[in-house]
Amino acid sequence: MPDSRWQAEFRNITVRRRYASWAHTVATGRLEERQELVAALRACHRLLVAPSWNRARTELVAMSTRHSDLMLGGGVDAFFRELEPKLIRWRRPVLEASYPRRVEVRLQGRGLVITPTLFAGDAVSFLWDPLDITQAPRLTVPAVHGAPAAPGPTGSDGAPASLGALLGRTRAAALRETVEGASTTELARKLGISVAAASQHTAVLRNARLITTSRRGGSVLHLITPLGVALLGGGTPPTPGSPDNPTRHGPRA
């Protein structure tokens, strides 16, 4: 990364006073200081993110599916109404979000990427590149409130132990591989089976509404559904207005 870009990134970060000296050293430092920062980020990921990532993925897939359904069924208005009413307010054509400092960003046709996150607490974050006005800004929003649901006992493939008895070990493993999306060929390779066998397993999972299948170019993409997420032990998003997720009222940010 060029020095100018590196320093510009740091100028857009609000640093606590006690860390200001360290941040200045990293922002203006040499390769050694940058490598120290990278090592710290990797250590942070290893300790804080990696242990929860399998459960986190199921939560994120479920939320992504819910967002897609809202957009298709009710459009942008319905989507923003349920997104995070305590932190976001939609006043067409302006989207307002609770943010530590006052910033106004005009999209100018670039669009906006909505990114659910499990690791930012009950807050939103707005990320954009002031040096590249062609890229769409990114708004991160809390995916769930509280920690991901604890899974039950798991087998060696990471799926609940009882799931193998219900679906069969290979089919349960196939369902697990669709959390991040996978093609039939990728499933066959990861599971050590033929492409024809993988296709049969995905057909059964799709008919049971545990995965969806869509065509991407010359291949197909299999992706887990909220029902499949629940079967893996990750839970499903509660229905708005239900006892588990009552509709929230009051002042909006």
# chains A, B, ... in the order shown; residues from 1 in each chain; ligands from 1
>>> residues_around(residues="A:Gly181", least_positions_apart="6", cutoff="8 Å", atoms="only C-alpha atoms", output="NGL selection string")
:A and (221-224)
>>> closest_atom_pairs(of="stretch 61-178 of chain A", to="stretch 184-208 of chain A", cutoff="12 Å", atoms="only C-alpha atoms", output="tab-separated table")
residue	atom	partner	partner_atom	distance
A:Asp157	CA	A:Leu191	CA	10.3
A:Leu167	CA	A:Leu205	CA	9.1
A:Gly168	CA	A:His201	CA	10.1
A:Arg169	CA	A:Leu191	CA	10.2
A:Thr170	CA	A:Leu191	CA	7.2
A:Arg171	CA	A:His201	CA	6.0
A:Ala172	CA	A:Leu205	CA	9.3
A:Ala173	CA	A:Leu191	CA	7.4
A:Ala174	CA	A:Leu187	CA	6.6
A:Leu175	CA	A:Leu205	CA	7.4
A:Arg176	CA	A:Leu187	CA	10.1
A:Glu177	CA	A:Leu187	CA	7.1
A:Thr178	CA	A:Leu187	CA	8.3
>>> select_by_dssp(residues="stretch 106-224 of chain A", states="strand (DSSP E or B)", output="PyMOL selection string")
chain A and resi 113-117+125-127+138-142+154+160+182+211-216+219-224
>>> closest_residue(among="A:Gly218, A:Leu166, A:Val124, A:Pro137", to="A:Ser183", atoms="only C-alpha atoms")
A:Gly218
>>> closest_atom_pairs(of="stretch 90-140 of chain A", to="stretch 3-11 of chain A", cutoff="9 Å", atoms="only C-alpha atoms", output="JSON lines")
{"residue": "A:Asp129", "atom": "CA", "partner": "A:Glu9", "partner_atom": "CA", "distance": 8.2}
{"residue": "A:Pro130", "atom": "CA", "partner": "A:Ala8", "partner_atom": "CA", "distance": 8.5}
{"residue": "A:Leu131", "atom": "CA", "partner": "A:Arg5", "partner_atom": "CA", "distance": 8.0}
>>> write_last_selection(atoms="all heavy atoms", output="compact mmCIF listing (two decimals), in the first residue's frame")
# COMPACT_ATOMS: atom_id res chain seq x y z
N ASP A 129 -14.22 4.96 1.11
CA ASP A 129 -12.87 5.29 0.67
C ASP A 129 -12.87 6.70 0.08
O ASP A 129 -13.36 6.90 -1.04
CB ASP A 129 -12.39 4.27 -0.36
CG ASP A 129 -10.93 4.48 -0.76
OD1 ASP A 129 -10.35 5.51 -0.34
OD2 ASP A 129 -10.38 3.63 -1.46
N PRO A 130 -12.35 7.68 0.79
CA PRO A 130 -12.36 9.05 0.26
C PRO A 130 -11.48 9.22 -0.97
O PRO A 130 -11.60 10.21 -1.69
CB PRO A 130 -11.84 9.88 1.43
CG PRO A 130 -11.03 8.93 2.25
CD PRO A 130 -11.71 7.60 2.11
N LEU A 131 -10.60 8.24 -1.23
CA LEU A 131 -9.71 8.34 -2.38
C LEU A 131 -10.27 7.64 -3.61
O LEU A 131 -9.69 7.71 -4.68
CB LEU A 131 -8.34 7.74 -2.03
CG LEU A 131 -7.60 8.38 -0.85
CD1 LEU A 131 -6.26 7.70 -0.63
CD2 LEU A 131 -7.41 9.87 -1.08
>>> atom_distance(atom1="atom CA of A:Glu84", atom2="atom CA of A:Leu72")
18.2 Å
>>> residues_around(residues="A:Ala136", least_positions_apart="4", cutoff="9 Å", atoms="only C-alpha atoms", output="ChimeraX atom specification")
/A:107,109-113,128-129
>>> select_by_dssp(residues="stretch 76-204 of chain A", states="alpha helix (DSSP H)", output="ChimeraX atom specification")
/A:76-83,161-167,169-177,184-191,195-204
>>> atom_distance(atom1="atom CA of A:Pro142", atom2="atom CA of A:Lys86")
11.0 Å
>>> atom_distance(atom1="atom CA of A:Thr134", atom2="atom CA of A:Leu87")
26.4 Å
>>> residues_around(residues="A:Leu95", least_positions_apart="5", cutoff="12 Å", atoms="only C-alpha atoms", output="number ranges by chain")
A: 76-77, 80-81, 83-85, 87-90, 103-107, 112, 126, 139, 253
>>> closest_residue(among="A:Val49, A:Met63, A:Val94, A:Ala230", to="A:Ala143", atoms="only C-alpha atoms")
A:Met63
>>> closest_residue(among="A:Arg92, A:Arg66, A:Arg30, A:Arg46", to="A:Thr225", atoms="only C-alpha atoms")
A:Arg66
>>> closest_residue(among="A:Ser125, A:Thr212, A:Gln108, A:Thr14", to="A:Gly228", atoms="only C-alpha atoms")
A:Thr212
>>> decode(residues="stretch 95-205 of chain A", atoms="C-alpha atoms", output="tab-separated table (two decimals), in the first residue's frame")
chain	number	residue	atom	x	y	z
A	95	LEU	CA	-30.74	7.53	5.22
A	96	GLU	CA	-29.71	8.75	8.68
A	97	ALA	CA	-27.63	6.63	11.04
A	98	SER	CA	-26.32	7.12	14.56
A	99	TYR	CA	-22.62	7.90	14.15
A	100	PRO	CA	-19.93	9.37	16.46
A	101	ARG	CA	-19.33	12.38	14.22
A	102	ARG	CA	-21.36	14.29	11.66
A	103	VAL	CA	-20.63	13.06	8.14
A	104	GLU	CA	-22.60	13.55	4.95
A	105	VAL	CA	-21.91	11.23	2.05
A	106	ARG	CA	-23.66	11.55	-1.29
A	107	LEU	CA	-23.92	8.21	-3.06
A	108	GLN	CA	-24.22	9.72	-6.55
A	109	GLY	CA	-25.46	6.48	-8.03
A	110	ARG	CA	-22.83	4.25	-6.41
A	111	GLY	CA	-25.31	2.37	-4.26
A	112	LEU	CA	-24.84	1.31	-0.64
A	113	VAL	CA	-23.59	-2.04	0.67
A	114	ILE	CA	-25.35	-3.18	3.87
A	115	THR	CA	-23.10	-5.48	5.90
A	116	PRO	CA	-24.43	-7.30	9.00
A	117	THR	CA	-21.80	-7.84	11.67
A	118	LEU	CA	-21.65	-9.77	14.94
A	119	PHE	CA	-18.55	-8.13	16.37
A	120	ALA	CA	-19.33	-4.41	16.59
A	121	GLY	CA	-21.73	-4.34	19.52
A	122	ASP	CA	-24.98	-2.41	19.32
A	123	ALA	CA	-23.68	0.24	16.92
A	124	VAL	CA	-23.43	1.01	13.23
A	125	SER	CA	-20.29	1.87	11.33
A	126	PHE	CA	-19.93	3.66	8.01
A	127	LEU	CA	-16.95	2.79	5.83
A	128	TRP	CA	-15.99	4.57	2.64
A	129	ASP	CA	-12.87	5.29	0.67
A	130	PRO	CA	-12.36	9.05	0.26
A	131	LEU	CA	-9.71	8.34	-2.38
A	132	ASP	CA	-12.01	6.24	-4.58
A	133	ILE	CA	-15.39	7.75	-5.35
A	134	THR	CA	-16.35	4.86	-7.63
A	135	GLN	CA	-16.74	2.27	-4.86
A	136	ALA	CA	-20.02	1.96	-2.98
A	137	PRO	CA	-19.81	2.92	0.72
A	138	ARG	CA	-20.47	0.20	3.29
A	139	LEU	CA	-22.83	0.46	6.25
A	140	THR	CA	-22.36	-2.18	8.94
A	141	VAL	CA	-25.30	-3.01	11.19
A	142	PRO	CA	-25.66	-5.36	14.19
A	143	ALA	CA	-26.76	-8.79	12.99
A	144	VAL	CA	-28.19	-10.01	16.29
A	145	HIS	CA	-28.49	-8.76	19.84
A	146	GLY	CA	-26.53	-10.93	22.24
A	147	ALA	CA	-24.17	-13.80	21.55
A	148	PRO	CA	-24.95	-16.42	18.89
A	149	ALA	CA	-26.97	-19.33	20.21
A	150	ALA	CA	-24.84	-22.08	21.67
A	151	PRO	CA	-24.89	-25.20	19.50
A	152	GLY	CA	-25.49	-28.69	20.75
A	153	PRO	CA	-22.89	-31.50	20.67
A	154	THR	CA	-21.13	-31.59	17.34
A	155	GLY	CA	-19.54	-34.28	15.28
A	156	SER	CA	-16.16	-34.19	13.57
A	157	ASP	CA	-17.61	-32.31	10.59
A	158	GLY	CA	-18.86	-29.45	12.78
A	159	ALA	CA	-22.57	-30.32	12.47
A	160	PRO	CA	-24.70	-31.40	15.46
A	161	ALA	CA	-24.08	-35.06	16.23
A	162	SER	CA	-27.79	-35.88	15.90
A	163	LEU	CA	-27.93	-34.38	12.41
A	164	GLY	CA	-25.91	-37.24	10.94
A	165	ALA	CA	-28.46	-39.72	12.26
A	166	LEU	CA	-31.28	-37.71	10.70
A	167	LEU	CA	-29.81	-36.94	7.29
A	168	GLY	CA	-26.88	-39.30	7.03
A	169	ARG	CA	-23.28	-38.20	7.63
A	170	THR	CA	-22.52	-37.27	4.02
A	171	ARG	CA	-25.71	-35.28	3.53
A	172	ALA	CA	-25.24	-33.52	6.88
A	173	ALA	CA	-21.70	-32.60	5.85
A	174	ALA	CA	-23.02	-31.35	2.50
A	175	LEU	CA	-25.49	-29.09	4.32
A	176	ARG	CA	-22.68	-27.74	6.47
A	177	GLU	CA	-20.60	-26.88	3.40
A	178	THR	CA	-23.41	-24.73	1.97
A	179	VAL	CA	-23.18	-22.21	4.81
A	180	GLU	CA	-20.80	-20.10	2.71
A	181	GLY	CA	-22.17	-21.33	-0.60
A	182	ALA	CA	-20.69	-24.06	-2.76
A	183	SER	CA	-21.07	-25.46	-6.26
A	184	THR	CA	-21.83	-29.11	-6.92
A	185	THR	CA	-18.25	-29.71	-8.02
A	186	GLU	CA	-16.90	-28.08	-4.85
A	187	LEU	CA	-19.17	-30.21	-2.68
A	188	ALA	CA	-18.03	-33.36	-4.47
A	189	ARG	CA	-14.37	-32.44	-3.92
A	190	LYS	CA	-14.78	-31.50	-0.25
A	191	LEU	CA	-16.86	-34.57	0.57
A	192	GLY	CA	-14.79	-37.01	-1.47
A	193	ILE	CA	-17.73	-38.19	-3.57
A	194	SER	CA	-18.66	-38.09	-7.25
A	195	VAL	CA	-20.33	-35.06	-8.81
A	196	ALA	CA	-23.40	-37.20	-9.56
A	197	ALA	CA	-23.66	-38.22	-5.89
A	198	ALA	CA	-23.24	-34.61	-4.78
A	199	SER	CA	-26.03	-33.60	-7.15
A	200	GLN	CA	-28.32	-36.22	-5.63
A	201	HIS	CA	-27.62	-35.00	-2.10
A	202	THR	CA	-28.28	-31.37	-3.02
A	203	ALA	CA	-31.55	-32.34	-4.70
A	204	VAL	CA	-32.75	-33.96	-1.47
A	205	LEU	CA	-31.66	-30.96	0.62
